[in-house]
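J.: Structure incoming, see below.
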Amino acid sequence: MAYQVLARKWRPINFSQLVGQEHVSLSLKHALENNRLHHAYLFTGSRGVGKTTVARILAKAMNCEQRQDANPCGVCPVCLAFADGRFLDLIEVDAASRTKVEDTRELLENCQYAPHQGRYKVYIIDEVHMLSGHSFNALLKTLEEPPEHVKFLLATTDPQKIPVTVLSRCLQFNLKRLTLEQIQRQMEFILRQEQIAYEPAALSLLARCADGGMRDGLSLLDQAIVYGNGEVKEDLVSAMLGVAARQPVAEILRALAQADLSVLLAKTAEAAELNNDFADILQQMLAILHRTALLQQLPGFSDPAFDHALLAELAAALSPEDVQLFYQIGLISQRDLPLAPDPRSGFEMTLLRMLTFKPGPAEAIRSSKPAAAKLAPAAGHVTEPAPPAAADRAARPAPAHNVEPPPSEPKPKLESEPTPAKPTAAASWEEIITALRLSGFSLQLANHCVLEHLDQHSCRLLLDPGYHHAGSRGEEKLKEALEKYFGNPIKLTINKQASDQITPAEAQKQAEAEKMRQAEDSIRNDPGVQNLIDRFDARILPGSIEPLG
């Protein structure tokens, strides 16, 4: 007997054997049990998910003489005729090869006649979206008022191309893409039945390359069995799949989390040698970053299509701010990648941007600029360079103000730096914030609060009514930091209420405003600047004065 490929040999013959389409099989079984069959069904979904298979099972179940739990029995004359391909009342056509209106009219000519063998005459039209407009019009009248003994089962990968007049006359079922676990489990079942040795890691590679389609997965499995001479091993499957199996997405994301530029460049070079599609790698990175962000916000989140261990590792290694930044840079880079001199350089620049703009300590990213001003001469005058003495005076720092704002982020701890003293209840709220070493949402939240009460067991804060914080994550981080430094559980209460005291954020704004005022006074009162204004009728451009950093 000729060899039969796995995708055909193990094609489901009843609803119980369907993988991953329980929502469709359950609805159809209920319709069969209660005899509430619609005259037209439309099955949609990507390639290889089982659209035509479901249509064939439904057609057989409609005509089966001894249904068992809504499944075709497989032993009655109708089921045997289906299995042998000789059931006369099943008309199955491929619309891609019969698009003309004459073909459709010829197909529907025999609708009026009663079925020969079964209860219903069933028309299965695959890729129905390929029919022409006139063909749809010819089909529409029959779809609207079909004979009682006629059922239409339509299948398509592109329902948007089907006229709404046809869609409105069909019950539509959307078949889902299969997860990696579902495809891998089915492969394991088939290989055990076929008594073929395999390695689970090899099946994982095949399932990933199947891209959600069981048929594609089984075709790859057939290829792997032949390539491995009757065995399915990871190294052989990896060699067979080549580029598709060796895209270093996980390694690149791990290197990004560690800020290891050498590893990033090495992995990019490996991808270039394998002729990888860098746009596809970037798209996969964005998909993983998206799930990582969801896992950070919802600790119980799980997506069967992704490696949960990798997501958990990235969620722990990256801050939520880093994940959002990497995702945004990658999203914009998708648009700009075709504009790069070559895909590799564009991808490398994307990685460099992610590392360059990654949030760090405030002292590391803040640039110190001396107070300076741009002078614009009056019309008709030429500005001469300021005298050295005047320029030197203009570059001198303005006197320090007695209000020093709290740092926006804690300074990174060095090995030789002494550990800060534990805050006490008598310390000011600004000192406590500094000692807690907060960051992100929790730091912003703390800076917009004033301390109402603090003891060893409770902390009450008054939140500025004008500040809107998102979610409770910042409160949880702030509570954890307080408990860690005080060494015992603390009940944190935050009430949105105005206060006579100013928040650290307001104090910082006032300090910055005072620095700006002093810088402006320093420039305006400088003799050298006054000399330029008097001699050349120059003026100070608004917004050009910057205080010391």
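By order in the structure tokens, chains are A, B, ...; within a chain, residues start at 1; ligands start at 1, following the order shown.
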What are the closest atom pairs, with distances in Å to one decimal, for all residues of region 131-207 of chain A lying within 9 Å of region 21-27 of chain A? Consider only C-alpha atoms, order rows by chain and residue number, and present the result as JSON lines.
T.:
{"residue": "A:Phe173", "atom": "CA", "partner": "A:Val24", "partner_atom": "CA", "distance": 6.5}
{"residue": "A:Asn174", "atom": "CA", "partner": "A:Val24", "partner_atom": "CA", "distance": 7.9}
{"residue": "A:Leu175", "atom": "CA", "partner": "A:Gln21", "partner_atom": "CA", "distance": 6.3}
{"residue": "A:Lys176", "atom": "CA", "partner": "A:Gln21", "partner_atom": "CA", "distance": 6.7}
{"residue": "A:Arg177", "atom": "CA", "partner": "A:Gln21", "partner_atom": "CA", "distance": 8.9}
{"residue": "A:Leu178", "atom": "CA", "partner": "A:Gln21", "partner_atom": "CA", "distance": 8.4}
J.: Write the residues of the selection above to a file with C-alpha atoms, as a PDB file, in the first residue's frame.
T.:
ATOM      1  CA  PHE A 173     -17.343  29.995  12.963  1.00  0.00           C
ATOM      2  CA  ASN A 174     -13.804  31.293  13.349  1.00  0.00           C
ATOM      3  CA  LEU A 175     -11.253  28.524  13.933  1.00  0.00           C
ATOM      4  CA  LYS A 176      -8.376  29.527  16.198  1.00  0.00           C
ATOM      5  CA  ARG A 177      -4.671  29.148  15.536  1.00  0.00           C
ATOM      6  CA  LEU A 178      -3.296  26.241  17.537  1.00  0.00           C
TER       7      LEU A 178
END
J.: Using 10 Å as the limit and counting only C-alpha atoms, can you tabulate each residue of region 185-258 of chain A that touches region 46-58 of chain A, with its shortest atom-to-atom distance in Å and the two atoms involved, as JSON lines?
T.:
{"residue": "A:Ala210", "atom": "CA", "partner": "A:Gly48", "partner_atom": "CA", "distance": 9.2}
{"residue": "A:Asp211", "atom": "CA", "partner": "A:Gly48", "partner_atom": "CA", "distance": 9.5}
{"residue": "A:Gly212", "atom": "CA", "partner": "A:Val49", "partner_atom": "CA", "distance": 7.3}
{"residue": "A:Gly213", "atom": "CA", "partner": "A:Gly48", "partner_atom": "CA", "distance": 4.5}
{"residue": "A:Met214", "atom": "CA", "partner": "A:Gly48", "partner_atom": "CA", "distance": 5.7}
{"residue": "A:Arg215", "atom": "CA", "partner": "A:Gly48", "partner_atom": "CA", "distance": 4.7}
{"residue": "A:Asp216", "atom": "CA", "partner": "A:Gly48", "partner_atom": "CA", "distance": 6.3}
{"residue": "A:Gly217", "atom": "CA", "partner": "A:Gly48", "partner_atom": "CA", "distance": 8.7}
{"residue": "A:Leu218", "atom": "CA", "partner": "A:Gly48", "partner_atom": "CA", "distance": 9.8}
J.: Determine the nearest neighbour of Val19 (chain A) from the options A:Gln283, A:Ser132, A:Thr179, A:Asn71, counting only C-alpha atoms.
T.: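 Result for the nearest residue to Val19 (chain A): A:Thr179.
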J.: Closest to Ala59 (chain A) among A:Asp322, A:Glu92, A:Asp84, A:Glu231, using only C-alpha atoms?
T.: A:Glu92
J.: Can you pull out every residue within 6 Å of Lys121 (chain A), counting only C-alpha atoms, but drop anything in the same chain fewer than 4 positions away, and send it as a ChimeraX atom specification?
T.: /A:89,115,149-150
J.: Which polymer residues have any atom within 6 Å of an atom of Glu127 (chain A), counting only C-alpha atoms, with same-chain residues fewer than 4 positions away left out, as a ChimeraX atom specification?
T.: /A:95,155-156
